[in-house]
$ cat protein_0.txt   # compact mmCIF, C-alpha atoms
# COMPACT_ATOMS: atom_id res chain seq x y z
CA MET I 24 0.00 0.00 0.00
CA GLN I 25 1.34 3.40 -0.99
CA ASP I 26 0.20 6.09 1.42
CA GLN I 27 -0.81 9.39 -0.08
CA PRO I 28 -1.30 11.64 2.94
CA VAL I 29 -3.96 14.28 2.61
CA ALA I 30 -3.74 17.57 4.52
CA PRO I 31 -5.42 17.22 7.94
CA GLU I 32 -7.98 19.91 7.18
CA ILE I 33 -9.40 17.80 4.34
CA GLY I 34 -10.66 15.26 6.88
CA VAL I 35 -10.09 12.13 4.78
CA GLN I 36 -7.21 9.66 4.57
CA ARG I 37 -6.16 8.40 1.18
CA ALA I 38 -4.06 5.49 -0.04
CA LEU I 39 -3.14 3.98 -3.38
CA LEU I 40 -2.91 0.18 -3.32
CA ASP I 41 -0.19 -1.59 -5.27
CA ASN I 42 -2.79 -2.78 -7.78
CA GLY I 43 -3.91 0.81 -8.48
CA LEU I 44 -7.06 0.96 -6.36
CA THR I 45 -7.65 4.37 -4.76
CA VAL I 46 -9.00 4.14 -1.19
CA LEU I 47 -10.49 7.01 0.84
CA VAL I 48 -11.60 6.73 4.47
CA GLU I 49 -13.25 9.45 6.54
CA GLU I 50 -13.60 8.90 10.27
CA VAL I 51 -16.84 10.37 11.62
CA PRO I 52 -16.59 10.41 15.43
CA GLY I 53 -19.86 9.85 17.22
CA SER I 54 -21.48 8.04 14.31
CA ARG I 55 -22.89 4.55 14.85
CA SER I 56 -22.98 3.56 11.19
CA ILE I 57 -20.79 3.27 8.12
CA SER I 58 -21.29 3.84 4.43
CA ALA I 59 -19.08 2.11 1.89
CA GLY I 60 -19.01 2.50 -1.87
CA ILE I 61 -17.05 1.40 -4.92
CA TRP I 62 -16.96 3.64 -8.00
CA ILE I 63 -16.00 2.23 -11.39
CA ARG I 64 -15.00 4.71 -14.08
CA ALA I 65 -17.40 3.21 -16.58
CA GLY I 66 -20.88 4.41 -17.40
CA SER I 67 -23.24 4.61 -20.34
CA ARG I 68 -20.84 6.78 -22.36
CA HIS I 69 -18.41 3.83 -22.36
CA ASP I 70 -20.96 1.40 -23.82
CA PRO I 71 -19.99 0.01 -27.25
CA PRO I 72 -22.08 1.59 -30.04
CA THR I 73 -23.63 -1.80 -30.74
CA ALA I 74 -24.42 -2.53 -27.09
CA LYS I 75 -26.10 0.53 -25.60
CA GLY I 76 -27.00 -0.14 -21.99
CA LEU I 77 -24.20 -2.64 -21.29
CA ALA I 78 -22.91 -0.80 -18.19
CA HIS I 79 -26.40 -0.95 -16.70
CA ILE I 80 -26.75 -4.64 -17.56
CA ILE I 81 -23.52 -5.37 -15.68
CA GLU I 82 -24.82 -3.43 -12.66
CA HIS I 83 -27.84 -5.76 -12.53
CA LEU I 84 -25.89 -8.97 -13.08
CA LEU I 85 -23.34 -8.31 -10.34
CA PHE I 86 -26.14 -8.82 -7.82
CA LYS I 87 -27.10 -12.17 -9.38
CA GLY I 88 -24.21 -14.11 -7.92
CA THR I 89 -20.45 -14.48 -7.59
CA HIS I 90 -18.25 -17.57 -7.70
CA THR I 91 -18.97 -18.15 -4.00
CA ARG I 92 -22.32 -16.43 -3.34
CA SER I 93 -25.74 -16.72 -4.91
CA ALA I 94 -28.02 -13.71 -5.32
CA GLU I 95 -29.94 -14.88 -2.26
CA GLN I 96 -26.76 -15.15 -0.19
CA ILE I 97 -25.69 -11.63 -1.19
CA ALA I 98 -29.01 -10.25 0.02
CA LEU I 99 -29.13 -12.38 3.20
CA GLU I 100 -25.58 -11.59 4.29
CA ALA I 101 -26.08 -7.86 3.83
CA GLU I 102 -29.45 -7.78 5.55
CA SER I 103 -28.26 -10.02 8.40
CA VAL I 104 -26.21 -7.08 9.69
CA GLY I 105 -28.92 -4.52 8.94
CA ALA I 106 -27.21 -3.26 5.79
CA MET I 107 -28.92 -1.73 2.76
CA ILE I 108 -27.04 -2.48 -0.44
CA ASN I 109 -27.69 -0.99 -3.86
CA ALA I 110 -26.10 0.37 -7.04
CA ALA I 111 -26.56 3.04 -9.69
CA THR I 112 -25.30 3.48 -13.25
CA GLY I 113 -24.55 6.97 -14.51
CA LYS I 114 -23.12 8.59 -17.60
CA GLU I 115 -19.47 8.21 -16.54
CA THR I 116 -19.44 5.91 -13.50
CA THR I 117 -21.16 2.93 -11.97
CA PHE I 118 -21.50 3.01 -8.19
CA TYR I 119 -22.04 0.11 -5.75
CA TYR I 120 -22.75 1.06 -2.16
CA ALA I 121 -24.04 -0.05 1.23
CA ASP I 122 -25.09 1.56 4.50
CA ALA I 123 -24.82 -0.46 7.70
CA PRO I 124 -24.41 -0.28 11.47
CA LEU I 125 -20.75 -0.17 12.48
CA GLU I 126 -20.64 -3.86 13.35
CA GLY I 127 -21.56 -4.70 9.77
CA LEU I 128 -18.42 -3.14 8.26
CA GLY I 129 -16.61 -6.43 7.63
CA VAL I 130 -19.61 -8.07 5.99
CA VAL I 131 -20.37 -5.03 3.84
CA LEU I 132 -16.79 -4.75 2.57
CA ASP I 133 -16.65 -8.47 1.87
CA VAL I 134 -19.93 -8.53 -0.06
CA LEU I 135 -19.22 -5.36 -2.06
CA THR I 136 -15.73 -6.42 -3.10
CA ASP I 137 -16.92 -9.94 -3.94
CA LEU I 138 -19.75 -8.86 -6.24
CA VAL I 139 -17.57 -6.25 -7.98
CA ARG I 140 -14.49 -8.47 -8.32
CA HIS I 141 -15.86 -12.01 -8.75
CA PRO I 142 -19.17 -11.99 -10.64
CA ALA I 143 -20.21 -15.35 -12.03
CA PHE I 144 -22.18 -13.97 -14.98
CA ASP I 145 -24.25 -17.12 -15.16
CA ALA I 146 -25.77 -17.38 -18.65
CA GLY I 147 -29.04 -18.75 -17.29
CA LEU I 148 -29.41 -15.88 -14.86
CA LEU I 149 -28.65 -13.41 -17.65
CA ASP I 150 -31.53 -14.86 -19.65
CA ARG I 151 -33.82 -14.52 -16.65
CA GLU I 152 -32.71 -10.95 -15.93
CA ARG I 153 -33.49 -9.86 -19.49
CA GLY I 154 -37.16 -9.69 -18.54
CA VAL I 155 -36.42 -7.44 -15.55
CA LEU I 156 -34.26 -5.12 -17.65
CA LEU I 157 -36.91 -4.90 -20.37
CA GLU I 158 -39.54 -4.00 -17.77
CA GLU I 159 -37.30 -1.19 -16.53
CA ILE I 160 -37.04 0.12 -20.10
CA ARG I 161 -40.81 -0.12 -20.54
CA ASN I 162 -41.27 1.78 -17.30
CA ARG I 163 -39.01 4.53 -18.65
CA ASP I 164 -40.85 4.60 -21.96
CA ASP I 165 -44.18 4.99 -20.15
CA ASP I 166 -42.89 8.07 -18.25
CA PRO I 167 -43.42 11.17 -20.43
CA ASP I 168 -41.05 13.30 -18.38
CA GLN I 169 -38.25 10.74 -18.61
CA CYS I 170 -38.83 10.19 -22.33
CA ALA I 171 -38.64 13.93 -22.97
CA TYR I 172 -35.41 14.23 -21.01
CA GLU I 173 -33.81 11.29 -22.81
CA ARG I 174 -34.78 12.74 -26.19
CA PHE I 175 -33.38 16.14 -25.25
CA PHE I 176 -30.11 14.70 -23.98
CA GLU I 177 -29.62 12.40 -26.96
CA GLU I 178 -29.93 15.37 -29.31
CA LEU I 179 -27.92 17.79 -27.15
CA TRP I 180 -24.50 16.60 -28.27
CA SER I 181 -23.08 16.54 -31.78
CA PRO I 182 -22.64 14.34 -33.62
CA ALA I 183 -24.62 11.63 -31.78
CA HIS I 184 -22.12 11.54 -28.93
CA PRO I 185 -22.09 8.55 -26.51
CA LEU I 186 -22.59 10.96 -23.59
CA GLY I 187 -26.16 11.26 -24.87
CA THR I 188 -26.76 7.51 -24.73
CA PRO I 189 -29.59 6.65 -22.31
CA VAL I 190 -28.27 4.81 -19.27
CA LEU I 191 -30.83 2.02 -19.73
CA GLY I 192 -29.83 1.61 -23.36
CA ASP I 193 -32.19 -0.02 -25.82
CA ARG I 194 -34.25 -3.19 -26.03
CA SER I 195 -32.15 -4.79 -28.76
CA THR I 196 -29.07 -4.82 -26.51
CA VAL I 197 -30.96 -6.44 -23.66
CA GLU I 198 -32.52 -9.02 -25.98
CA THR I 199 -29.31 -10.04 -27.77
CA ILE I 200 -26.34 -9.40 -25.44
CA THR I 201 -24.28 -12.51 -24.69
CA ARG I 202 -22.66 -13.67 -21.51
CA ASP I 203 -19.20 -13.39 -23.14
CA ALA I 204 -19.79 -9.77 -24.17
CA VAL I 205 -20.83 -8.89 -20.63
CA ALA I 206 -17.79 -10.60 -19.11
CA ALA I 207 -15.40 -8.97 -21.59
CA HIS I 208 -16.71 -5.47 -20.82
CA HIS I 209 -16.37 -6.18 -17.10
CA VAL I 210 -12.74 -7.29 -17.49
CA SER I 211 -11.98 -4.15 -19.53
CA TYR I 212 -13.33 -1.64 -17.01
CA TYR I 213 -13.51 -3.24 -13.56
CA ALA I 214 -9.77 -3.46 -12.95
CA PRO I 215 -8.67 -2.10 -9.54
CA SER I 216 -6.80 0.77 -11.21
CA ASN I 217 -10.13 1.97 -12.64
CA CYS I 218 -11.91 1.88 -9.27
CA VAL I 219 -12.24 4.06 -6.19
CA MET I 220 -13.39 2.74 -2.81
CA VAL I 221 -14.65 5.00 -0.01
CA VAL I 222 -15.68 4.30 3.58
CA CYS I 223 -17.18 6.95 5.87
CA GLY I 224 -18.38 6.54 9.43
CA ALA I 225 -17.46 5.27 12.86
CA VAL I 226 -14.42 3.25 11.85
CA PRO I 227 -10.67 3.70 12.44
CA ALA I 228 -9.14 4.58 9.08
CA GLU I 229 -6.22 2.16 9.46
CA GLN I 230 -8.58 -0.75 10.13
CA ALA I 231 -10.66 0.02 7.05
CA MET I 232 -7.54 0.45 4.91
CA ARG I 233 -6.13 -2.94 5.97
CA THR I 234 -9.41 -4.72 5.35
CA ILE I 235 -9.86 -3.22 1.88
CA ALA I 236 -6.24 -3.91 0.89
CA LYS I 237 -6.65 -7.57 1.87
CA LYS I 238 -9.90 -8.06 0.00
CA PHE I 239 -8.76 -6.29 -3.17
CA SER I 240 -5.43 -8.14 -3.30
CA SER I 241 -7.13 -11.39 -4.32
CA PRO I 242 -7.56 -12.23 -8.02
CA GLY I 243 -10.76 -10.97 -9.60
CA THR I 244 -12.56 -12.37 -12.60
CA PRO I 245 -10.76 -15.02 -14.69
CA GLY I 246 -7.68 -13.51 -16.27
CA ASP I 247 -7.32 -10.92 -13.50
CA SER I 248 -4.30 -11.70 -11.33
CA GLY I 249 -5.16 -9.07 -8.74
CA ASP I 250 -2.81 -6.50 -10.23
CA ALA I 251 -3.87 -3.32 -12.02
CA GLY I 252 -5.45 -5.40 -14.78
CA PRO I 253 -5.56 -4.79 -18.54
CA ALA I 254 -5.20 -1.37 -20.08
CA ILE I 255 -8.42 0.64 -19.70
CA PRO I 256 -10.01 1.51 -23.07
CA ALA I 257 -9.52 5.10 -24.17
CA GLN I 258 -12.16 7.62 -23.15
CA PRO I 259 -14.50 8.60 -26.00
CA PRO I 260 -13.64 12.06 -27.38
CA ALA I 261 -15.13 15.16 -25.79
CA PRO I 262 -18.56 16.17 -27.10
CA SER I 263 -19.73 19.42 -28.62
CA MET I 264 -23.14 20.92 -27.92
CA ARG I 265 -25.57 21.31 -30.80
CA ILE I 266 -26.57 24.93 -31.27
CA GLY I 267 -30.00 25.94 -32.54
CA GLU I 268 -33.72 25.33 -32.03
CA ARG I 269 -35.51 22.00 -32.41
CA PHE I 270 -39.02 20.68 -31.95
CA PHE I 271 -39.64 16.98 -31.27
CA GLU I 272 -43.21 15.79 -31.48
CA HIS I 273 -44.22 13.62 -28.53
CA GLN I 274 -47.81 12.79 -27.66
CA ALA I 275 -48.26 13.62 -23.99
CA GLY I 276 -50.18 15.99 -21.79
CA GLN I 277 -47.29 18.42 -21.35
CA THR I 278 -44.76 20.24 -23.48
CA HIS I 279 -41.22 20.07 -22.14
CA ILE I 280 -38.97 23.05 -22.79
CA TYR I 281 -35.20 22.73 -22.42
CA ILE I 282 -32.70 25.50 -22.96
CA ALA I 283 -29.03 24.53 -22.72
CA LEU I 284 -25.84 26.58 -22.80
CA PRO I 285 -22.33 25.08 -23.00
CA VAL I 286 -20.21 25.52 -19.87
CA PRO I 287 -16.84 24.08 -18.76
CA ASP I 288 -16.24 20.57 -17.47
CA ILE I 289 -16.16 19.42 -13.87
CA HIS I 290 -12.53 20.46 -13.33
CA HIS I 291 -12.86 24.14 -14.26
CA GLU I 292 -12.58 26.78 -11.54
CA ASP I 293 -15.63 28.59 -12.93
CA ARG I 294 -17.78 25.88 -11.39
CA PHE I 295 -18.06 27.90 -8.17
CA PRO I 296 -19.35 31.21 -9.61
CA LEU I 297 -21.49 29.22 -12.07
CA GLU I 298 -23.13 27.34 -9.22
CA VAL I 299 -23.86 30.61 -7.43
CA LEU I 300 -25.28 32.16 -10.60
CA ASN I 301 -27.41 29.09 -11.28
CA THR I 302 -28.82 29.30 -7.77
CA VAL I 303 -29.93 32.86 -8.46
CA LEU I 304 -31.50 31.85 -11.75
CA GLY I 305 -33.30 28.60 -11.09
CA ASP I 306 -32.49 26.71 -7.88
CA GLY I 307 -35.27 26.78 -5.32
CA MET I 308 -38.35 28.78 -4.46
CA SER I 309 -36.52 32.11 -4.21
CA SER I 310 -34.97 31.77 -7.69
CA ARG I 311 -35.93 34.01 -10.57
CA LEU I 312 -37.39 31.22 -12.69
CA PHE I 313 -39.60 29.91 -9.89
CA ARG I 314 -40.90 33.35 -9.01
CA GLU I 315 -41.46 34.46 -12.60
CA VAL I 316 -42.80 31.32 -14.29
CA ARG I 317 -44.61 29.61 -11.42
CA GLU I 318 -45.50 32.25 -8.85
CA LYS I 319 -46.16 35.28 -11.03
CA HIS I 320 -47.66 33.65 -14.14
CA GLY I 321 -48.80 30.25 -12.84
CA LEU I 322 -47.56 28.49 -15.96
CA ALA I 323 -45.59 25.53 -14.58
CA TYR I 324 -45.37 23.18 -11.64
CA SER I 325 -41.81 22.14 -12.51
CA VAL I 326 -39.43 24.92 -13.48
CA ALA I 327 -35.75 25.09 -12.60
CA SER I 328 -32.19 25.35 -13.83
CA TYR I 329 -29.15 23.25 -13.03
CA VAL I 330 -25.58 22.67 -14.17
CA SER I 331 -24.61 19.21 -15.45
CA ARG I 332 -20.85 18.76 -15.43
CA TYR I 333 -18.85 15.86 -16.81
CA SER I 334 -15.16 15.00 -17.12
CA ASP I 335 -14.82 16.83 -20.44
CA ALA I 336 -18.05 18.78 -20.99
CA GLY I 337 -20.75 20.76 -19.26
CA ALA I 338 -24.27 22.02 -19.86
CA TRP I 339 -26.24 24.72 -18.05
CA ILE I 340 -29.86 23.68 -18.45
CA LEU I 341 -33.15 25.53 -17.95
CA TYR I 342 -36.32 23.43 -17.86
CA ALA I 343 -40.06 23.91 -17.64
CA GLY I 344 -42.94 21.46 -18.13
CA VAL I 345 -46.16 23.23 -19.21
CA SER I 346 -49.42 22.70 -21.04
CA PRO I 347 -48.93 22.91 -24.83
CA GLN I 348 -50.88 26.16 -25.17
CA ASN I 349 -48.57 27.84 -22.62
CA ALA I 350 -45.34 26.70 -24.27
CA PRO I 351 -44.70 29.85 -26.38
CA GLN I 352 -45.17 32.20 -23.43
CA THR I 353 -43.07 30.03 -21.12
CA LYS I 354 -40.24 29.78 -23.64
CA ASP I 355 -40.25 33.55 -23.95
CA LEU I 356 -40.10 33.96 -20.17
CA LEU I 357 -37.14 31.59 -19.87
CA ILE I 358 -35.22 33.45 -22.55
CA GLU I 359 -36.21 36.78 -21.03
CA GLN I 360 -34.55 35.71 -17.77
CA LEU I 361 -31.35 34.97 -19.67
CA ARG I 362 -31.59 38.38 -21.32
CA ALA I 363 -32.02 39.97 -17.90
CA LEU I 364 -28.83 38.30 -16.68
CA ARG I 365 -26.89 39.70 -19.61
CA GLN I 366 -28.39 43.18 -19.36
CA HIS I 367 -28.57 43.71 -15.62
CA GLY I 368 -26.55 40.96 -13.90
CA VAL I 369 -27.46 40.14 -10.30
CA ASP I 370 -27.68 42.37 -7.25
CA LYS I 371 -25.79 41.99 -4.00
CA GLN I 372 -28.78 40.64 -2.09
CA GLU I 373 -29.30 37.86 -4.62
CA LEU I 374 -25.61 37.00 -4.53
CA GLU I 375 -25.53 36.67 -0.75
CA LEU I 376 -28.78 34.69 -0.67
CA ALA I 377 -27.42 32.23 -3.23
CA LYS I 378 -24.25 31.71 -1.22
CA ALA I 379 -26.26 31.12 1.96
CA LYS I 380 -28.46 28.55 0.21
CA LEU I 381 -25.47 26.64 -1.16
CA ARG I 382 -23.70 26.67 2.21
CA GLY I 383 -26.80 25.37 3.91
CA HIS I 384 -27.42 22.62 1.36
CA LEU I 385 -23.82 21.44 1.64
CA ILE I 386 -23.84 21.37 5.44
CA LEU I 387 -27.18 19.56 5.62
CA SER I 388 -26.03 16.95 3.10
CA LEU I 389 -23.16 15.99 5.41
CA GLU I 390 -25.54 14.87 8.15
CA THR I 391 -25.42 11.35 6.65
CA ASN I 392 -22.41 9.15 6.02
CA GLY I 393 -23.88 8.21 2.66
CA HIS I 394 -23.71 11.78 1.39
CA ARG I 395 -20.18 12.16 2.74
CA MET I 396 -19.13 8.99 0.95
CA ALA I 397 -20.78 10.04 -2.32
CA ARG I 398 -19.06 13.43 -2.20
CA TRP I 399 -15.57 11.94 -1.84
CA GLY I 400 -16.17 9.09 -4.25
CA SER I 401 -17.55 11.13 -7.13
CA ALA I 402 -14.72 13.66 -6.82
CA ALA I 403 -12.01 11.01 -6.78
CA ALA I 404 -13.55 8.95 -9.58
CA LEU I 405 -13.75 11.95 -11.91
CA GLY I 406 -10.37 13.40 -10.93
CA ARG I 407 -11.73 16.49 -9.19
CA PRO I 408 -9.59 17.98 -6.38
CA LEU I 409 -10.58 16.75 -2.93
CA LEU I 410 -11.77 19.74 -0.91
CA SER I 411 -12.90 19.86 2.68
CA VAL I 412 -16.29 21.32 3.52
CA ASP I 413 -14.63 24.47 4.83
CA GLN I 414 -12.60 24.81 1.64
CA VAL I 415 -15.73 24.53 -0.50
CA ILE I 416 -17.51 27.10 1.66
CA ASP I 417 -14.50 29.42 1.38
CA ARG I 418 -14.59 29.07 -2.43
CA LEU I 419 -18.30 29.89 -2.49
CA ASP I 420 -17.92 32.82 -0.10
CA ALA I 421 -15.10 34.21 -2.24
CA VAL I 422 -17.31 34.44 -5.34
CA SER I 423 -17.43 38.14 -6.19
CA MET I 424 -19.77 40.27 -8.23
CA GLU I 425 -16.95 40.64 -10.75
CA GLN I 426 -16.73 36.84 -11.16
CA ILE I 427 -20.49 36.63 -11.65
CA GLU I 428 -20.27 39.25 -14.38
CA GLN I 429 -17.44 37.34 -16.02
CA VAL I 430 -19.31 34.01 -16.17
CA ILE I 431 -22.40 35.79 -17.52
CA ASP I 432 -20.28 37.28 -20.30
CA LEU I 433 -18.62 33.94 -21.00
CA TYR I 434 -21.52 31.52 -20.87
CA VAL I 435 -24.80 33.36 -21.48
CA GLN I 436 -24.10 33.68 -25.19
CA PRO I 437 -26.85 34.50 -27.69
CA ASP I 438 -25.27 32.45 -30.47
CA ARG I 439 -24.55 29.34 -28.37
CA LEU I 440 -28.02 28.37 -27.20
CA ASN I 441 -29.73 24.99 -27.61
CA LEU I 442 -33.53 25.20 -27.46
CA SER I 443 -35.38 21.88 -27.48
CA VAL I 444 -39.17 21.69 -27.25
CA ILE I 445 -40.71 18.24 -26.84
CA GLY I 446 -44.46 17.64 -26.85
CA PRO I 447 -47.67 17.78 -28.92
CA LYS I 448 -47.38 19.99 -31.97
CA GLN I 449 -49.33 23.08 -30.94
CA ALA I 450 -48.14 26.65 -31.10
CA ASP I 451 -44.89 27.62 -32.77
CA VAL I 452 -42.23 28.16 -30.10
CA ALA I 453 -39.26 28.88 -32.34
CA GLY I 454 -37.46 32.19 -32.51
CA GLY I 455 -36.39 34.71 -29.90
CA GLY I 456 -32.70 34.28 -29.14
CA VAL I 457 -30.89 35.88 -26.26
CA GLN I 458 -29.87 39.46 -26.91
CA ARG I 459 -27.44 41.62 -24.99

$ encode --input "protein_0.txt" --output "structure tokens"
Amino acid sequence: MQDQPVAPEIGVQRALLDNGLTVLVEEVPGSRSISAGIWIRAGSRHDPPTAKGLAHIIEHLLFKGTHTRSAEQIALEAESVGAMINAATGKETTFYYADAPLEGLGVVLDVLTDLVRHPAFDAGLLDRERGVLLEEIRNRDDDPDQCAYERFFEELWSPAHPLGTPVLGDRSTVETITRDAVAAHHVSYYAPSNCVMVVCGAVPAEQAMRTIAKKFSSPGTPGDSGDAGPAIPAQPPAPSMRIGERFFEHQAGQTHIYIALPVPDIHHEDRFPLEVLNTVLGDGMSSRLFREVREKHGLAYSVASYVSRYSDAGAWILYAGVSPQNAPQTKDLLIEQLRALRQHGVDKQELELAKAKLRGHLILSLETNGHRMARWGSAAALGRPLLSVDQVIDRLDAVSMEQIEQVIDLYVQPDRLNLSVIGPKQADVAGGGVQR
């Protein structure tokens, strides 16, 4: 094990195992529980073009049994110590995690490492799981909001970038994928050097480090000797955002309006002033979008903005779901709020309110070990600097009016706007770009 000491004020200990696994442990004195998670740097954007949804299929199959545990044994062992175990597939990572009382630490680490490192990928169980996966896709396809979002995101990037691939993939992949294809993708991406493991809670860091090092030193799937594993496939190239206005007909009760602007990736220092500016624009009940679209005009139940950041791209997204006849007016209001940012900026009261909201949300999120774990794990998996809570708060507090003006000038650009309207074909909602 190669120690990589982290400054004491960060509050987390870090080590790099000889096989390349990154381990982070945060001691939380006074807690009576632990949260443990394993991040794999492989998500839907890493799916082969002919096998969309493969990362999500692997997530399901890892719970169906290892070389020494059946699916029932995985569930029984975890639940026997009061643990809750689950997983999630995203665009760039897949995440396996468990929450448990402190006394369940050993069992949780054993089960998590076993299912990630030693999946059996039984062909019969794959055939049985196809039905479950298809039902999940049908459930998505029956959700108008989810369908609209998937359509928007697929068309956001040019040309047809894998970052726009739906996490669940498509039915043809589920129906035709073979056991060998699943196992090969797992070997390619689930090497220790492509993983991050995090434990947070009432546990001595040295104890957790020793346990993890022991469990991850054993060989993994066939062909994996326990070392760093095969070379990780190259990351797909960075995407570019499509610019322009598009309408996609979709028969549903609502029209979904998305406006996206390109912003920097997850590593860029502008993420702090951008997050503050986004909070002013569309995060929460005091935001401009909520007050203007929902409170003042009563046009939408759901209206907000948010920043989606990835390892090599970013999108600042405004959204509203409205009745088709209100779509033109709502689109105009959204664009008018962008115009107002360019023409008038924000005032000092809004700036301070946004900072207070972000500070509060961050502090409240750290009340659970699970949120602490997710914060460290996502940062380490995507190569973002590890910052303590106080350091993040200092960065937010340091955001100045000048920085806000700079990010407005840089990213609220009239010629770099993506407008996507998805719903029944009613009124024309095209036209009306952002003007200075």

$ closest_atom_pairs --input "protein_0.txt" --of "stretch 247-359 of chain I" --to "stretch 109-120 of chain I" --cutoff "10 Å" --atoms "only C-alpha atoms" --output "tab-separated table"
residue	atom	partner	partner_atom	distance
I:Gln258	CA	I:Glu115	CA	9.9
I:Tyr333	CA	I:Glu115	CA	7.7
I:Ser334	CA	I:Glu115	CA	8.1

$ closest_residue --input "protein_0.txt" --among "I:Cys170, I:Ile280, I:Leu191, I:Leu132" --to "I:Ala78" --atoms "all atoms listed in the file"
I:Leu191

$ residues_around --input "protein_0.txt" --residues "stretch 339-345 of chain I" --least-positions-apart "6" --cutoff "6 Å" --atoms "all atoms listed in the file" --output "list in words"
Gln277, Thr278, His279, Ile280, Tyr281, Ile282, Ala283, Leu284, Ala323, Ser325, Val326, Ala327, Ser328, Tyr329 and Val330 of chain I

$ residues_around --input "protein_0.txt" --residues "stretch 446-448 of chain I" --least-positions-apart "5" --cutoff "6 Å" --atoms "all atoms listed in the file" --output "compact mmCIF listing (two decimals) with C-alpha atoms, in the frame of the given file"
# COMPACT_ATOMS: atom_id res chain seq x y z
CA GLU I 272 -43.21 15.79 -31.48
CA HIS I 273 -44.22 13.62 -28.53
CA GLN I 274 -47.81 12.79 -27.66
CA THR I 278 -44.76 20.24 -23.48

$ closest_residue --input "protein_0.txt" --among "I:Asp355, I:Asp417, I:Glu425, I:Asp335" --to "I:Leu405" --atoms "all atoms listed in the file"
I:Asp335

$ atom_distance --input "protein_0.txt" --atom1 "atom CA of I:Leu410" --atom2 "atom CA of I:Ser388"
15.1 Å

$ atom_distance --input "protein_0.txt" --atom1 "atom CA of I:Gln36" --atom2 "atom CA of I:Leu409"
10.9 Å

$ closest_atom_pairs --input "protein_0.txt" --of "stretch 198-289 of chain I" --to "stretch 42-63 of chain I" --cutoff "10 Å" --atoms "all atoms listed in the file" --output "Markdown table"
| residue | atom | partner | partner_atom | distance |
| --- | --- | --- | --- | --- |
| I:Tyr212 | CA | I:Ile63 | CA | 7.3 |
| I:Tyr213 | CA | I:Ile63 | CA | 6.4 |
| I:Ala214 | CA | I:Leu44 | CA | 8.4 |
| I:Pro215 | CA | I:Leu44 | CA | 4.7 |
| I:Ser216 | CA | I:Gly43 | CA | 4.0 |
| I:Asn217 | CA | I:Ile63 | CA | 6.0 |
| I:Cys218 | CA | I:Ile63 | CA | 4.6 |
| I:Val219 | CA | I:Thr45 | CA | 4.8 |
| I:Met220 | CA | I:Ile61 | CA | 4.4 |
| I:Val221 | CA | I:Leu47 | CA | 4.7 |
| I:Val222 | CA | I:Ala59 | CA | 4.4 |
| I:Cys223 | CA | I:Glu49 | CA | 4.7 |
| I:Gly224 | CA | I:Ile57 | CA | 4.3 |
| I:Ala225 | CA | I:Ser54 | CA | 5.1 |
| I:Val226 | CA | I:Glu50 | CA | 5.9 |
| I:Pro227 | CA | I:Glu50 | CA | 6.4 |
| I:Ala228 | CA | I:Val48 | CA | 5.7 |
| I:Glu229 | CA | I:Val48 | CA | 8.6 |
| I:Gln230 | CA | I:Val48 | CA | 9.9 |
| I:Ala231 | CA | I:Val48 | CA | 7.3 |
| I:Met232 | CA | I:Val46 | CA | 7.3 |
| I:Ile235 | CA | I:Val46 | CA | 8.0 |
| I:Ala236 | CA | I:Val46 | CA | 8.8 |
| I:Phe239 | CA | I:Leu44 | CA | 8.1 |
| I:Ser240 | CA | I:Asn42 | CA | 7.5 |
| I:Ser248 | CA | I:Asn42 | CA | 9.7 |
| I:Gly249 | CA | I:Asn42 | CA | 6.8 |
| I:Asp250 | CA | I:Asn42 | CA | 4.5 |
| I:Ala251 | CA | I:Asn42 | CA | 4.4 |
| I:Gly252 | CA | I:Asn42 | CA | 7.9 |

$ closest_residue --input "protein_0.txt" --among "I:Pro142, I:Pro259, I:Gly154, I:Pro167" --to "I:Pro71" --atoms "all atoms listed in the file"
I:Pro259

$ atom_distance --input "protein_0.txt" --atom1 "atom CA of I:Leu322" --atom2 "atom CA of I:Lys354"
10.7 Å

$ residues_near_point --input "protein_0.txt" --point "(-36.5, -7.1, -18.1)" --cutoff "12 Å" --atoms "all atoms listed in the file" --output "PyMOL selection string"
chain I and resi 79-80+83-84+148-163+191+193-198

$ closest_residue --input "protein_0.txt" --among "I:Leu300, I:Leu381, I:Ala106, I:Ile445" --to "I:Glu268" --atoms "all atoms listed in the file"
I:Ile445

$ residues_around --input "protein_0.txt" --residues "I:Val134" --least-positions-apart "4" --cutoff "8 Å" --atoms "all atoms listed in the file" --output "short mmCIF file (atom, residue, chain, number, x, y, z; two decimals) with C-alpha atoms, keeping the file's coordinate frame"
data_model
loop_
_atom_site.label_atom_id
_atom_site.label_comp_id
_atom_site.auth_asym_id
_atom_site.auth_seq_id
_atom_site.Cartn_x
_atom_site.Cartn_y
_atom_site.Cartn_z
CA ILE I 97 -25.69 -11.63 -1.19
CA GLU I 100 -25.58 -11.59 4.29
CA ALA I 101 -26.08 -7.86 3.83
CA VAL I 130 -19.61 -8.07 5.99
CA LEU I 138 -19.75 -8.86 -6.24
#

$ closest_residue --input "protein_0.txt" --among "I:Arg311, I:His141, I:His208, I:Lys238" --to "I:Ala363" --atoms "all atoms listed in the file"
I:Arg311

$ residues_around --input "protein_0.txt" --residues "I:Ala143" --least-positions-apart "2" --cutoff "7 Å" --atoms "all atoms listed in the file" --output "tab-separated table (two decimals) with C-alpha atoms, in the coordinates of the input"
chain	number	residue	atom	x	y	z
I	88	GLY	CA	-24.21	-14.11	-7.92
I	89	THR	CA	-20.45	-14.48	-7.59
I	90	HIS	CA	-18.25	-17.57	-7.70
I	141	HIS	CA	-15.86	-12.01	-8.75
I	145	ASP	CA	-24.25	-17.12	-15.16
